[in-house]
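Read through the structure below, which is laid out as C-alpha cells, and then see the notes.
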Amino acid sequence: MKNTIIILLLLFSVSCIKPVQFNPGGRPVSDDKKNEVYIVNSLAETISVIDTSALKIKNDILETGLWPNYISVRNNTGYIVNSGDNSIQIFDEDTLTTVRNINLGANSNPWSLSFYGLTDTGFIPNFVAGNIAVVNLNTGAVLKRISVGTGPEGAVVCNGKLYVANTSWNYETYSYGQGTVAVIDLNSYKVVKIINTDKNPQCIIGFDSINEIHVICTGNNGGADSDDGKIDIIDTSNDTIKQVLDIGGSPGGFAVDYSFNKVYLCGVGGIQVYNYLTRDILHSSTNYLAVGNSNDFFSGLTIDTVNNRIFATIFNSDKIFVLDRFSNKKITELDSSDGPINPCFYGE
Amino acid sequence: MRLILFITLIIFTSNLNLLADTNIQRITVIAEKKYPEARDLSPQVSIITSDEIKKSGARNVAEILSRVVGAYVQSYGFLNSSSMVSIRGSSNEQVLVLINGKRLNSAQGGGVDFSSIDPDMIERIEIIRGGASALYGENALGGVINIITKSAGSCNENSVNYMFGSYNTHLLKLHSAGNLPGNFDYFFYGSILFSKGNFSFYDFKNKTSELRKNSDINSYDCGIKTGTYIDKFKTHRLSFSLLYRYDDKGVPGMIDFPTVSARMSDRRAIGQLDYTFNKFALYGKIDVSLYFNYQYRRFTDPDYFLGKVDDLHENKASGIDVKIFLNPDFYNIKNRIKCGYSYRYDSLYSTAFLKKSINNGNENITRHAHSFFIFDNINLFKFSRTEIYRVVLSPSMRFDINSIYDNVLSKQVGILINTDKEKKIVIKGNIGTAYRAPSFDDLFWPDTSFAVGNKNLMPEESLNFDIGVLSLLYTWLSSEIVLFYSEVTNLIQWNPGPGGQWFPSNIGKVCIKGIETEFKALLISNFLSGYIETIYNYSLTFVTDKSGEPATDGKQLPRRPFEKANFIMSFNIPDCFYFHWETRFVGFRYLTAHNTKYLDSYFTHNINIGYEISKNFSISLIIRNLFNSYYIDIREYPIPGRELMFRIGVEF
C-alpha cells in the first residue's frame with residue numbers, strides 16, 4: 001500500500017517538464033557592438049544578430065511580438081514592427097532589452113517603418129487599416145492616421161514628401177487591384193496625389209539627389225504568372241511616372257549600394273540588380289544573381305558598407321547568405337532562426 | 001494547486017484500506033456488457049459511458065474528451081467556439097471521428113469540431129489511442145473516436161431537462177424512448193440552445209480585462225434512431241437513424257484582429273439505414289449500411305480586414321458499408337473474422353474555391369473511395385494451468401483505393417495476453433501502419449497570392465507501436481500503463497514557396513513517443529449507501545520534429561503539450577445524489593516551431609452536483625472553471641472564466 005501511494009503521489013507531480021528558455025541578450029562576439037546585422041525571425045518571433053566582422057550569428061537574442069515583419073536600428077535604438085500585435089517594439093540596442101511598445105490599435109496590421117530624416121517621427125503603413133500612422137517614436141504618441149488606400153506596405157520620405165505604396169490586394173477576388181502610390185504633403189499631412197502604378201507595389205526607394213522614387217512592383221508574387229515584376233520610376237518634381245523597368249520576377253525587398261549606384265532586389269529564385277542611375281538591368285529574372293536554389297525565397301537584403309558584404313535572408317531554408325559586395329560571390333552562409341526576413345545593417 | 005491534489009489523494013488513499021475491507025457489493029469500473037471492454041480489445045482503448053457523461057455535466061463532447069488520457073482538446077473560446085481534439089500528439093486532422101461507425105471527417109479537411117456534438121445523445125464513446133488505419137482507413141493516424149448514439153435498448157426514458165446559466169445561456173433538452181406500432185423501437189432526442197455568450201476575459205498581453213463580444217449561439221439539434229426485427233425469429237433487423245443540427249453563431253476571431261461581425265451558420269444532417277442478418281453462416285452476421293452525411297457551412301464577415309467575406313462550403317458524402325462477421329474454428333483455434341467492403345463518395349462545393357478555377361471549371365470537387373478490409377481475432381491458446389491464460393492475436397489489413405491519391409495498404413497486428421482467468425493482468429501490444437489522406441484544402445486550395453494547394457500530395461504515413469499493461473491491482477484499484485512510439489513521414493506542411501506563396505508538401509517527419517497512465521479506484525461506503533470512484537490519468541508525449549530543417553529539427557511540434565493530466569472524483573448515492581469533481585492539467589505548449597515561445601501550463605476545475613428530489617424530478621449545479629483561472633488553448637482566442645449552469649430535469 002505504501003508503495004502504491006508513493007507511486008501515485010509521484011504521478012501527481014505533474015508539470016515535471018519545463019520549457020526550454022532561450023538565452024536572451026548576448027552577442028555573437030562579446031563586447032563587440034559595432035557593425036552588426038539585425039534580423040527578424042518572423043516564425044520564431046525573435047531577432048538574431050550577426051557580427052559582420054567575425055561573421056558569427058547569435059539567434060533568438062530577443063523575443064518579439066506576434067508576426068514581426070520589419071526591423072530598423074538607429075541611434076542605439078531598435079524598432080521592430082509586430083504586424084500581429086499591432087505594435088512597434090522599441091529595444092535598447094546596447095543591452096538588447098525591450099524598452100517599450102507603441103500600440104497602434106486593433107486591426108492596424110503595421111507593415112514597415114520609415115523615418116522622417118533624423119527626427120523622432122516615424123511613418124508606419126498599416127496594411128489592414130489602409131492608413132499610415134504618424135508616430136513620435138520618442139514619446140510613443142500616435143500623432144495622426146492618414147488614409148492612403150488599400151493594403152499599404154512601403155513608405156519613404158523624399159524631397160519633402162511622403163510616398164506610400166498601396167498594393168490594392170482584393171480578398172474577394174483573390175487578386176491585386178490597381179496599384180497606387182499616395183503622395184502626402186508633410187506640412188499639411190494630407191494626400192495630395194494618387195499615382196497609378198504597376199501591379200502590387202510593395203516597396204519604395206527614395207533618391208533625393210536625383211528627384212526620384214523607385215517603386216518596386218512585385219506583380220503576382222509567385223505562381224504561374226509571377227514573372228511580372230517592374231520598377232516604376234517616379235519624378236518627384238511632378239509626381240509622374242517617367243520610366244518603367246521591366247525587371248521580371250517578383251521582387252519584394254531591396255538594398256541600395258550608393259557607392260556603386262546599384263539597387264539589389266530580392267524575391268523569388270534569387271537576387272536581381274539594376275543601376276539606378278543608368279537604368280541598366282544587371283540581373284533580371286532571366287539571369288538572377290545565382291547564389292541559391294531556384295525555389296529559394298530571398299526575404300531580405302542589407303549591405304554592410306564597412307566590411308563590404310551583402311547579407312541576404314532565405315526564408316524557406318533559414319539561412320543567411322553572405323556575399324562579397326564587389327564580386328557578388330557567396331562567401332559563406334549562416335544558420336539563422338526560423339523564418340528570417342528583412343535584415344538591417346547597423347554600422348559605426 | 002498541486003498541494004490540494006496531494007492532500008486530496010492522501011486523504012482518499014488513507015481511507016482505502018478501511019473501505020476496501022467492507023463486505024459490500026463491488027461495482028465494476030467498466031461494466032458495459034453489451035460492448036467489449038477495453039480489457040478484451042488489443043488496441044489501447046478508452047471508453048466513456050453515458051453515465052459518466054451525465055455526471056460530468058459536459059455540454060458538448062469536447063468537454064468530455066478532455067478527460068481522456070492522451071487526448072488534448074483545444075478550445076477557441078466559449079460554448080459556441082470550435083473545439084478540436086488531438087490524440088498522442090497528432091494534429092486534429094489525424095484523428096478519425098465516427099458517429100455510429102460512419103466517418104464525420106469531411107474530405108475538405110480541418111478536423112472535426114466537437115463543440116457541435118451534443119453529449120446527451122451519446123450512449124458510449126470509444127477512443128482508440130494510436131494509429132488504426134488497418135481497421136478504419138484514412139485519418140486514423142493519431143487515433144479514432146467512435147461515438148455511438150443512444151438507442152431504444154440502451155436508453156429507456158422520457159425526460160425533459162432545462163439548463164440555464166452564465167452569459168445568458170439557456171439549454172432545453174428532450175429525450176424519448178420506447179416502442180411504436182409495428183414492433184418498432186425508437187429513441188428521439190432534441191435540444192435547443194441559446195446563449196448571448198459575451199464574456200469578460202483577461203488580456204495577457206495588455207494585462208487588462210476585456211469583453212469578448214459576438215460569442216452568441218443559437219443551436220437546434222435533434223435525432224431519431226428507430227428499428228425493428230422483420231421476422232419473428234429476430235434474425236433480420238432493419239434500423240434507421242437521422243441526426244440533424246443547426247448552428248448560427250458569432251465567431252469573433254483573434255483578439256488583435258477582431259472580426260466582430262463575423263458569423264457562421266452550420267447545418268449537419270447524417271442519415272443511416274442498416275440491415276443486419278444475425279444468423280449468417282450459423283453464428284455469423286452480416287451488416288449492410290447505407291448512409292449520407294451533409295455538412296453545410298456559411299461564413300460571413302462584412303467587416304473582414306481584407307474585404308467582405310461570404311463563403312459557403314457544402315460537403316456531401318454518401319456510401320455503403322458491407323461487413324461480414326464469421327466465427328470459424330480452425331484446428332480448434334477460435335477465430336472471429338470481420339471482413340468487408342465499403343464505398344464512399346465525397347463532394348465539395350465551395351465558393352472560396354470557385355473564386356479561382358481549380359477543377360477544370362467544375363463546380364464540385366469529388367472523390368470516390370473503395371475499401372476492402374479483413375480483421376481476425378485469433379484465440380491462439382487458452383490454458384488454465386499455465387501462467388499465461390489466453391493469447392489473442394489480432395491481425396488486420398485494409399486496402400484503400402481512392403480516386404485522388406495513391407492506393408494505400410494498411411497493416412496492423414495486435415496481441416492481447418491474459419495471465420489469469422479474471423483478467424487481472426492484461427498485456428496489450430500493437431504494431432501497424434496508418435495514414436492521413438491529403439484533404440481537398442491541401443490538394444486544391446485555389447491559387448492566390450498567399451497560398452496554393454498541391455495536387456501531387458501523398459498521404460501522411462506512420463508506423464506505430466505501443467505496448468500496455470492493464471492490471472487490477474486490488475479489487476478497488478485498476479491501472480493502465482502504456483508506452484507508445486510512432487514515426488510519421490510525408491507529413492504535409494504548408495511552407496512558403498516561391499514568392500512567399502504558402503504551399504503544402506510532404507516534407508515533414510515527426511517522431512512521437514510517450515507514456516500514458518491511468519488509475520481507476522472504486523470505494524463503496526455503507527454510509528448513505530454511497531460510493532466514491534476516482535480516475536487519475538497522466539500522459540507524457542514527445543512530438544519531435546525530424547524534418548532536418550536546422551531551425552526546427554529536434555524541437556517539439558508547436559501546440560502539443562508534453563504533459564496532460566486529469567483527476568476525477570465522484571461521490572454517488574444511487575438515485576439520490578452525486579458530487580462530481582474534475583481537475584484538468586495541461587502542460588505548457590510551444591507556440592513556434594523553433595520553440596522560442598510558449599503558452600503556460602494551467603489547471604482547471606469543474607464540479608457537478610446533482611440531487612434527485614423525487615423519482616421524477618432532479619436538479620443539478622454545474623460550475624466550470626471553479627477558481628476562475630485565466631488560460632488559453634489557442635493564442636489570441638480567450639476562454640471564459642467561471643461559468644455556472646443550473647439544471648432542472650423531469651423524467652416521465
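Here's how to read the names in the C-alpha cells: chain A, B, ... by the order shown, residue numbers from 1 in each chain, ligand numbers from 1 in the order shown.
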
### Message
If DSSP is run on the backbone, what residues of segment 416-642 of chain B are strand (DSSP E)? A reply as a PyMOL selection string would be ideal.
### Response
chain B and resi 416-418+425-436+460-474+477-496+502-524+531-545+563-573+577-586+589-590+598-599+602-612+617-624

### Query
Skipping near chain neighbours, those fewer than 6 positions away, what residues fall within 9 Å of Ile145 of chain B using only C-alpha atoms, listed as a PyMOL selection string?
chain B and resi 95-99+125-129

Could you write out that same residue set with N, CA, C and O atoms as a PDB file, in the first residue's frame?
ATOM      1  N   VAL B  95      -7.030  12.673 -36.574  1.00  0.00           N
ATOM      2  CA  VAL B  95      -7.941  11.913 -35.710  1.00  0.00           C
ATOM      3  C   VAL B  95      -9.203  11.602 -36.504  1.00  0.00           C
ATOM      4  O   VAL B  95      -9.855  12.505 -37.033  1.00  0.00           O
ATOM      5  N   LEU B  96      -9.517  10.340 -36.604  1.00  0.00           N
ATOM      6  CA  LEU B  96     -10.726   9.929 -37.311  1.00  0.00           C
ATOM      7  C   LEU B  96     -11.899   9.932 -36.330  1.00  0.00           C
ATOM      8  O   LEU B  96     -11.802   9.359 -35.243  1.00  0.00           O
ATOM      9  N   VAL B  97     -12.982  10.575 -36.728  1.00  0.00           N
ATOM     10  CA  VAL B  97     -14.157  10.647 -35.863  1.00  0.00           C
ATOM     11  C   VAL B  97     -15.315   9.933 -36.554  1.00  0.00           C
ATOM     12  O   VAL B  97     -15.630  10.209 -37.721  1.00  0.00           O
ATOM     13  N   LEU B  98     -15.912   9.008 -35.826  1.00  0.00           N
ATOM     14  CA  LEU B  98     -17.024   8.242 -36.372  1.00  0.00           C
ATOM     15  C   LEU B  98     -18.270   8.494 -35.539  1.00  0.00           C
ATOM     16  O   LEU B  98     -18.188   8.629 -34.318  1.00  0.00           O
ATOM     17  N   ILE B  99     -19.401   8.557 -36.200  1.00  0.00           N
ATOM     18  CA  ILE B  99     -20.687   8.532 -35.486  1.00  0.00           C
ATOM     19  C   ILE B  99     -21.405   7.276 -35.950  1.00  0.00           C
ATOM     20  O   ILE B  99     -21.649   7.106 -37.148  1.00  0.00           O
ATOM     21  N   ILE B 125     -18.665   6.439 -25.924  1.00  0.00           N
ATOM     22  CA  ILE B 125     -17.597   6.917 -26.806  1.00  0.00           C
ATOM     23  C   ILE B 125     -16.398   5.989 -26.636  1.00  0.00           C
ATOM     24  O   ILE B 125     -15.948   5.751 -25.508  1.00  0.00           O
ATOM     25  N   GLU B 126     -15.925   5.486 -27.740  1.00  0.00           N
ATOM     26  CA  GLU B 126     -14.728   4.643 -27.706  1.00  0.00           C
ATOM     27  C   GLU B 126     -13.588   5.422 -28.344  1.00  0.00           C
ATOM     28  O   GLU B 126     -13.719   5.895 -29.476  1.00  0.00           O
ATOM     29  N   ILE B 127     -12.519   5.563 -27.618  1.00  0.00           N
ATOM     30  CA  ILE B 127     -11.370   6.310 -28.131  1.00  0.00           C
ATOM     31  C   ILE B 127     -10.207   5.334 -28.289  1.00  0.00           C
ATOM     32  O   ILE B 127      -9.686   4.802 -27.296  1.00  0.00           O
ATOM     33  N   ILE B 128      -9.847   5.090 -29.528  1.00  0.00           N
ATOM     34  CA  ILE B 128      -8.667   4.251 -29.787  1.00  0.00           C
ATOM     35  C   ILE B 128      -7.470   5.175 -29.863  1.00  0.00           C
ATOM     36  O   ILE B 128      -7.425   6.090 -30.691  1.00  0.00           O
ATOM     37  N   ARG B 129      -6.520   4.946 -28.989  1.00  0.00           N
ATOM     38  CA  ARG B 129      -5.330   5.783 -28.959  1.00  0.00           C
ATOM     39  C   ARG B 129      -4.251   5.110 -29.804  1.00  0.00           C
ATOM     40  O   ARG B 129      -3.860   3.980 -29.562  1.00  0.00           O
TER      41      ARG B 129
END

### Task
Compile the contact shell of segment 250-265 of chain A as number ranges by chain: residues with an atom at most 6 Å away, counting only C-alpha atoms, same-chain residues fewer than 2 positions apart removed.
A: 218, 221, 229, 267-268, 271-276, 300-302

### Message
List as number ranges by chain the protein and nucleic acid residues near segment 164-176 of chain B, meaning an atom at most 6 Å away when only C-alpha atoms are counted, but skip any in the same chain fewer than 3 places from it.
### Response
B: 157-161, 187-197, 643-646

#### Entry: Computed interatomic separation between atom CA of Tyr220 of chain B and atom CA of Asn80 of chain B (Å)
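Those two atoms sit 12.5 Å apart.
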
Could you pull the residues within 6 Å of Glu123 of chain B, counting only C-alpha atoms, minus those fewer than 2 positions along the same chain, as a short mmCIF file (atom, residue, chain, number, x, y, z; two decimals) with all heavy atoms, in the first residue's frame?
data_model
loop_
_atom_site.label_atom_id
_atom_site.label_comp_id
_atom_site.auth_asym_id
_atom_site.auth_seq_id
_atom_site.Cartn_x
_atom_site.Cartn_y
_atom_site.Cartn_z
N SER B 50 -22.43 6.64 -21.03
CA SER B 50 -23.43 7.70 -20.91
C SER B 50 -23.57 8.16 -19.45
O SER B 50 -23.84 9.33 -19.18
CB SER B 50 -24.78 7.22 -21.43
OG SER B 50 -25.19 6.07 -20.73
N ILE B 148 -21.10 6.43 -30.30
CA ILE B 148 -22.26 5.57 -30.52
C ILE B 148 -23.46 6.23 -29.86
O ILE B 148 -23.45 6.49 -28.65
CB ILE B 148 -22.01 4.16 -29.93
CG1 ILE B 148 -20.81 3.53 -30.64
CG2 ILE B 148 -23.25 3.28 -30.07
CD1 ILE B 148 -20.18 2.41 -29.88
N THR B 149 -24.45 6.51 -30.66
CA THR B 149 -25.60 7.24 -30.12
C THR B 149 -26.56 6.27 -29.43
O THR B 149 -26.53 5.07 -29.67
CB THR B 149 -26.36 7.99 -31.24
OG1 THR B 149 -26.78 7.05 -32.22
CG2 THR B 149 -25.48 9.02 -31.89
N LYS B 150 -27.38 6.85 -28.59
CA LYS B 150 -28.31 6.04 -27.82
C LYS B 150 -29.36 5.40 -28.73
O LYS B 150 -29.70 5.96 -29.78
CB LYS B 150 -29.02 6.91 -26.78
CG LYS B 150 -28.14 7.28 -25.61
CD LYS B 150 -28.88 8.21 -24.67
CE LYS B 150 -27.99 8.58 -23.49
NZ LYS B 150 -28.57 9.66 -22.68
#

### Query
If we count only C-alpha atoms, what is near segment 63-79 of chain A at a cut-off of 9 Å, once residues fewer than 2 positions away on the same chain are taken out, given as a VMD selection string?
(chain A and resid 24 38 to 47 60 to 61 81 to 94 96 98 110 to 114 137 341 to 346) or (chain B and resid 596 to 597)
